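Encoded as structure tokens, the structure appears first; notes follow it.
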Amino acid sequence: MLRIRENGVQSMDHKKILIVDDEPVIAEELSEFLESFDYACSTALSVDEALGKISEDADITMILTDMRMPGRDGADLIRALKAHPERQFEFVMISGHLDADQDLDDIKGSDLTLMRKPVDVEALINHLETRDFPV
């Protein structure tokens with residue numbers, strides 16, 4: 001659900017973060033780290049798995065995805081979700097590639113934040129703290 005903050009900025013009420021990364025260790029460690037800050041998380045190792053989890057879990061409202069993965073990538077995931085506006089999401093794209101900005105030209109928007117690998121966990125927590133999650 002979208003809300004308007006006192007400063008006039010739109011914000012979403014978030015419930016759960018889906019972490020999408022083809023490297024299981026990264027997905028699990030990031031999930032465990034965020035859960036230690038009381039963020040509800042789920043993981044997926046591919047775009048197809050992510051789409052399945054999203055269709056089954058209405059609480060997922062934030063997608064934290066790796067950019068480059070075998071087969072379909074994070075940009076493909078975002079495009080697929082934006083093609084169905086009946087559900088709203090906020091996205092954090094994580095990439096170790098310097099050209100990631102150019103790869104995202106067609107999906108950029110206020111709902112997308114780009115972060116570089118290795119993930120600056122302090123910056124990620126600061127970003128999440130500016131979002132509306134239940135206490």
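In the structure tokens, chains take letters A, B, ... by order of appearance, with residues numbered from 1 within each chain and ligands from 1 in the order shown.
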- Message: as a list of chain:residue names, please: every residue in segment 6-93 of chain A that DSSP puts in strand (DSSP E).
- Response: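 Answer for segment 6-93 of chain A, restricted to strand (DSSP E): A:Gln10, A:Ser11, A:Met12, A:Lys16, A:Ile17, A:Leu18, A:Ile19, A:Val20, A:Ala40, A:Cys41, A:Ser42, A:Thr43, A:Ala44, A:Ile60, A:Thr61, A:Met62, A:Ile63, A:Leu64, A:Thr65, A:Asp66, A:Glu90, A:Phe91, A:Val92, A:Met93.
Contact shell of segment 78-95 of chain A at 7 Å (only C-alpha atoms; same-chain neighbours under 6 positions omitted): Thr61, Met62, Ile63, Leu64, Thr65, Asp66, Met67, Ile107, Asp111, Leu112, Thr113, Leu114, Met115, Arg116 and Lys117 of chain A.
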Would you mind exporting N, CA and C atoms of the selected residues as a CSV table (one decimal), in the first residue's frame?
```
chain,number,residue,atom,x,y,z
A,61,THR,N,7.1,-7.2,-0.5
A,61,THR,CA,6.9,-5.9,-1.1
A,61,THR,C,8.2,-5.3,-1.5
A,62,MET,N,9.4,-5.8,-1.0
A,62,MET,CA,10.7,-5.3,-1.4
A,62,MET,C,11.5,-6.4,-2.0
A,63,ILE,N,12.1,-6.1,-3.1
A,63,ILE,CA,12.9,-7.1,-3.8
A,63,ILE,C,14.4,-6.6,-3.8
A,64,LEU,N,15.2,-7.4,-3.2
A,64,LEU,CA,16.7,-7.1,-3.2
A,64,LEU,C,17.3,-8.1,-4.1
A,65,THR,N,17.7,-7.7,-5.3
A,65,THR,CA,18.2,-8.7,-6.3
A,65,THR,C,19.6,-8.4,-6.9
A,66,ASP,N,20.3,-9.5,-7.2
A,66,ASP,CA,21.5,-9.4,-7.9
A,66,ASP,C,21.2,-9.0,-9.3
A,67,MET,N,22.1,-8.3,-9.9
A,67,MET,CA,21.9,-7.9,-11.3
A,67,MET,C,22.2,-9.0,-12.3
A,107,ILE,N,14.3,0.7,-16.8
A,107,ILE,CA,13.5,0.4,-15.7
A,107,ILE,C,13.7,1.3,-14.5
A,111,ASP,N,11.2,3.8,-7.6
A,111,ASP,CA,11.1,2.5,-6.9
A,111,ASP,C,12.3,1.6,-7.0
A,112,LEU,N,13.4,2.1,-7.6
A,112,LEU,CA,14.6,1.4,-7.8
A,112,LEU,C,15.8,2.1,-7.3
A,113,THR,N,16.6,1.3,-6.4
A,113,THR,CA,17.8,1.8,-5.9
A,113,THR,C,18.9,0.9,-6.3
A,114,LEU,N,20.1,1.4,-6.8
A,114,LEU,CA,21.2,0.6,-7.2
A,114,LEU,C,22.3,0.7,-6.1
A,115,MET,N,22.7,-0.5,-5.7
A,115,MET,CA,23.9,-0.6,-4.7
A,115,MET,C,24.9,-1.5,-5.3
A,116,ARG,N,26.2,-1.2,-5.0
A,116,ARG,CA,27.3,-1.9,-5.6
A,116,ARG,C,27.8,-3.0,-4.7
A,117,LYS,N,28.3,-4.1,-5.3
A,117,LYS,CA,29.0,-5.1,-4.6
A,117,LYS,C,30.4,-4.8,-4.4
```
- Message: Could you list, as a PyMOL selection string, every residue within 7 Å of segment 13-18 of chain A, counting only C-alpha atoms and ignoring same-chain residues fewer than 4 positions away?
- Response: chain A and resi 1-2+39-43+59-64+132-134
Same residues, N, CA and C atoms, saved as a PDB file, in the first residue's frame:
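In the end it all went to result09.pdb:
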```
ATOM      1  N   MET A   1       0.837  -1.171   0.000  1.00  0.00           N
ATOM      2  CA  MET A   1       0.000   0.000   0.000  1.00  0.00           C
ATOM      3  C   MET A   1       0.885   1.239   0.000  1.00  0.00           C
ATOM      4  N   LEU A   2       0.564   2.215  -0.837  1.00  0.00           N
ATOM      5  CA  LEU A   2       1.291   3.477  -0.887  1.00  0.00           C
ATOM      6  C   LEU A   2       0.693   4.462   0.103  1.00  0.00           C
ATOM      7  N   TYR A  39      14.102  -7.689  10.111  1.00  0.00           N
ATOM      8  CA  TYR A  39      13.430  -7.628   8.816  1.00  0.00           C
ATOM      9  C   TYR A  39      13.043  -9.050   8.418  1.00  0.00           C
ATOM     10  N   ALA A  40      11.786  -9.234   8.040  1.00  0.00           N
ATOM     11  CA  ALA A  40      11.341 -10.541   7.556  1.00  0.00           C
ATOM     12  C   ALA A  40      11.883 -10.741   6.148  1.00  0.00           C
ATOM     13  N   CYS A  41      12.498 -11.879   5.906  1.00  0.00           N
ATOM     14  CA  CYS A  41      13.150 -12.137   4.611  1.00  0.00           C
ATOM     15  C   CYS A  41      12.814 -13.522   4.090  1.00  0.00           C
ATOM     16  N   SER A  42      12.928 -13.645   2.785  1.00  0.00           N
ATOM     17  CA  SER A  42      12.851 -14.916   2.089  1.00  0.00           C
ATOM     18  C   SER A  42      13.927 -14.869   1.014  1.00  0.00           C
ATOM     19  N   THR A  43      14.348 -16.013   0.515  1.00  0.00           N
ATOM     20  CA  THR A  43      15.376 -16.032  -0.517  1.00  0.00           C
ATOM     21  C   THR A  43      14.918 -16.824  -1.735  1.00  0.00           C
ATOM     22  N   ASP A  59       2.983 -10.857   1.185  1.00  0.00           N
ATOM     23  CA  ASP A  59       3.730  -9.989   2.099  1.00  0.00           C
ATOM     24  C   ASP A  59       5.028  -9.464   1.487  1.00  0.00           C
ATOM     25  N   ILE A  60       5.495 -10.080   0.407  1.00  0.00           N
ATOM     26  CA  ILE A  60       6.734  -9.609  -0.229  1.00  0.00           C
ATOM     27  C   ILE A  60       6.444  -8.303  -0.950  1.00  0.00           C
ATOM     28  N   THR A  61       7.126  -7.246  -0.508  1.00  0.00           N
ATOM     29  CA  THR A  61       6.934  -5.923  -1.112  1.00  0.00           C
ATOM     30  C   THR A  61       8.245  -5.276  -1.523  1.00  0.00           C
ATOM     31  N   MET A  62       9.354  -5.812  -1.031  1.00  0.00           N
ATOM     32  CA  MET A  62      10.660  -5.284  -1.414  1.00  0.00           C
ATOM     33  C   MET A  62      11.482  -6.416  -2.005  1.00  0.00           C
ATOM     34  N   ILE A  63      12.098  -6.128  -3.150  1.00  0.00           N
ATOM     35  CA  ILE A  63      12.926  -7.107  -3.850  1.00  0.00           C
ATOM     36  C   ILE A  63      14.359  -6.605  -3.829  1.00  0.00           C
ATOM     37  N   LEU A  64      15.241  -7.391  -3.245  1.00  0.00           N
ATOM     38  CA  LEU A  64      16.665  -7.090  -3.220  1.00  0.00           C
ATOM     39  C   LEU A  64      17.308  -8.136  -4.125  1.00  0.00           C
ATOM     40  N   ASP A 132       9.205   2.098   5.293  1.00  0.00           N
ATOM     41  CA  ASP A 132       8.207   1.791   6.316  1.00  0.00           C
ATOM     42  C   ASP A 132       8.008   0.292   6.468  1.00  0.00           C
ATOM     43  N   PHE A 133       8.612  -0.266   7.525  1.00  0.00           N
ATOM     44  CA  PHE A 133       8.435  -1.670   7.892  1.00  0.00           C
ATOM     45  C   PHE A 133       7.719  -1.682   9.246  1.00  0.00           C
ATOM     46  N   PRO A 134       6.911  -2.705   9.508  1.00  0.00           N
ATOM     47  CA  PRO A 134       6.247  -2.775  10.813  1.00  0.00           C
ATOM     48  C   PRO A 134       7.280  -2.944  11.914  1.00  0.00           C
TER      49      PRO A 134
END
```
- Message: Could you tell me how far atom CA of His127 of chain A sits from atom CA of Phe37 of chain A, in Å to one decimal place?
- Response: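 Atom-to-atom, atom CA of Phe37 of chain A and atom CA of His127 of chain A are spaced 12.9 Å apart.
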